[in-house]
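Below is one structure, written out as structure tokens; comments come after it.
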Amino acid sequence: MKCHYCDREAAYAAEKDRIKVGLCDRHFRERIEELAESDELAAIREQIDIDRTE
């Protein structure tokens with residue numbers, strides 16, 4: 001399977017409703033970084049009241 005964004009071989013694949021999308025390492029990391037900074041994730045964190053212990 002090829003990456004959804006480029007011609008590299010996919011290292012990860014996600015499937016929903018029988019639709020499968022592959023991502024290479026680089027694009028997987030980029031998408032994770034985008035999601036980590038998203039308002040949607042911040043809203044989820046507020047809803048479940050995540051407490052960090054560092």
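Chain lettering (A, B, ...) mirrors the order of the structure tokens, residue numbering begins at 1 for each chain separately, and ligand numbering begins at 1 in order of display.
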### Message
Could you pull out the strand (DSSP E or B) residues of chain A, going by DSSP on the backbone, and write them as a PyMOL selection string?
### Response
chain A and resi 2+9+12-16+19-23
Please produce a file of those selected residues containing C-alpha atoms, as a CSV table (one decimal), in the first residue's frame.
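And here is the file that came out, result_25.csv:
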```
chain,number,residue,atom,x,y,z
A,2,LYS,CA,1.2,3.5,-0.9
A,9,GLU,CA,5.4,2.7,0.9
A,12,TYR,CA,0.7,2.7,8.9
A,13,ALA,CA,-2.9,2.2,7.7
A,14,ALA,CA,-6.2,3.4,9.1
A,15,GLU,CA,-9.5,1.9,8.2
A,16,LYS,CA,-13.0,3.1,8.7
A,19,ILE,CA,-12.0,2.4,3.5
A,20,LYS,CA,-8.3,2.0,4.1
A,21,VAL,CA,-5.7,4.8,3.9
A,22,GLY,CA,-2.0,4.4,4.3
A,23,LEU,CA,0.6,6.8,5.6
```
### Task
Determine, counting only C-alpha atoms, which protein, DNA and RNA residues have an atom within 10 Å of an atom of Arg8 of chain A; residues of the same chain fewer than 4 positions away are not included. Present the result as a list in words.
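The filter keeps Met1, Lys2, Cys3, His4, Gly22, Leu23, Cys24, Asp25, Arg26 and His27 of chain A.
When DSSP reads the backbone of this structure, the residues of chain A it assigns to helix (DSSP H, G or I) are Asp25, Arg26, His27, Phe28, Arg29, Glu30, Arg31, Ile32, Glu33, Glu34, Leu35, Ala36, Asp39, Glu40, Leu41, Ala42, Ala43, Ile44, Arg45, Glu46, Gln47 and Ile48 of chain A.
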Selection to disk with N, CA and C atoms, as a short mmCIF file (atom, residue, chain, number, x, y, z; two decimals), in the first residue's frame:
```cif
data_model
loop_
_atom_site.label_atom_id
_atom_site.label_comp_id
_atom_site.auth_asym_id
_atom_site.auth_seq_id
_atom_site.Cartn_x
_atom_site.Cartn_y
_atom_site.Cartn_z
N ASP A 25 6.01 6.95 7.19
CA ASP A 25 6.45 7.45 8.50
C ASP A 25 6.38 8.96 8.60
N ARG A 26 6.90 9.66 7.57
CA ARG A 26 6.93 11.12 7.61
C ARG A 26 5.54 11.73 7.69
N HIS A 27 4.64 11.28 6.85
CA HIS A 27 3.30 11.85 6.85
C HIS A 27 2.50 11.43 8.08
N PHE A 28 2.77 10.25 8.61
CA PHE A 28 2.13 9.84 9.86
C PHE A 28 2.52 10.78 10.98
N ARG A 29 3.81 11.08 11.10
CA ARG A 29 4.29 11.99 12.15
C ARG A 29 3.72 13.39 11.97
N GLU A 30 3.66 13.87 10.73
CA GLU A 30 3.10 15.19 10.48
C GLU A 30 1.63 15.26 10.90
N ARG A 31 0.86 14.24 10.57
CA ARG A 31 -0.56 14.21 10.93
C ARG A 31 -0.73 14.15 12.44
N ILE A 32 0.09 13.37 13.13
CA ILE A 32 0.01 13.28 14.60
C ILE A 32 0.33 14.64 15.22
N GLU A 33 1.34 15.33 14.70
CA GLU A 33 1.68 16.66 15.21
C GLU A 33 0.52 17.64 15.00
N GLU A 34 -0.11 17.59 13.82
CA GLU A 34 -1.26 18.45 13.55
C GLU A 34 -2.41 18.16 14.50
N LEU A 35 -2.67 16.89 14.72
CA LEU A 35 -3.76 16.51 15.62
C LEU A 35 -3.46 16.92 17.07
N ALA A 36 -2.21 16.81 17.47
CA ALA A 36 -1.83 17.16 18.84
C ALA A 36 -2.06 18.64 19.11
N ASP A 39 -7.69 22.06 17.89
CA ASP A 39 -8.72 22.47 18.84
C ASP A 39 -9.59 21.29 19.23
N GLU A 40 -9.78 20.37 18.30
CA GLU A 40 -10.61 19.19 18.58
C GLU A 40 -10.02 18.36 19.71
N LEU A 41 -8.70 18.15 19.68
CA LEU A 41 -8.06 17.38 20.74
C LEU A 41 -8.11 18.15 22.06
N ALA A 42 -7.95 19.45 22.01
CA ALA A 42 -8.04 20.26 23.23
C ALA A 42 -9.43 20.14 23.85
N ALA A 43 -10.45 20.11 23.01
CA ALA A 43 -11.82 19.96 23.51
C ALA A 43 -12.02 18.60 24.15
N ILE A 44 -11.46 17.57 23.54
CA ILE A 44 -11.57 16.22 24.12
C ILE A 44 -10.85 16.17 25.46
N ARG A 45 -9.67 16.77 25.53
CA ARG A 45 -8.92 16.79 26.79
C ARG A 45 -9.74 17.47 27.90
N GLU A 46 -10.41 18.55 27.55
CA GLU A 46 -11.24 19.25 28.54
C GLU A 46 -12.41 18.38 28.97
N GLN A 47 -13.01 17.68 28.04
CA GLN A 47 -14.16 16.83 28.36
C GLN A 47 -13.80 15.71 29.31
N ILE A 48 -12.63 15.10 29.10
CA ILE A 48 -12.29 13.97 29.95
C ILE A 48 -11.37 14.38 31.10
#
```
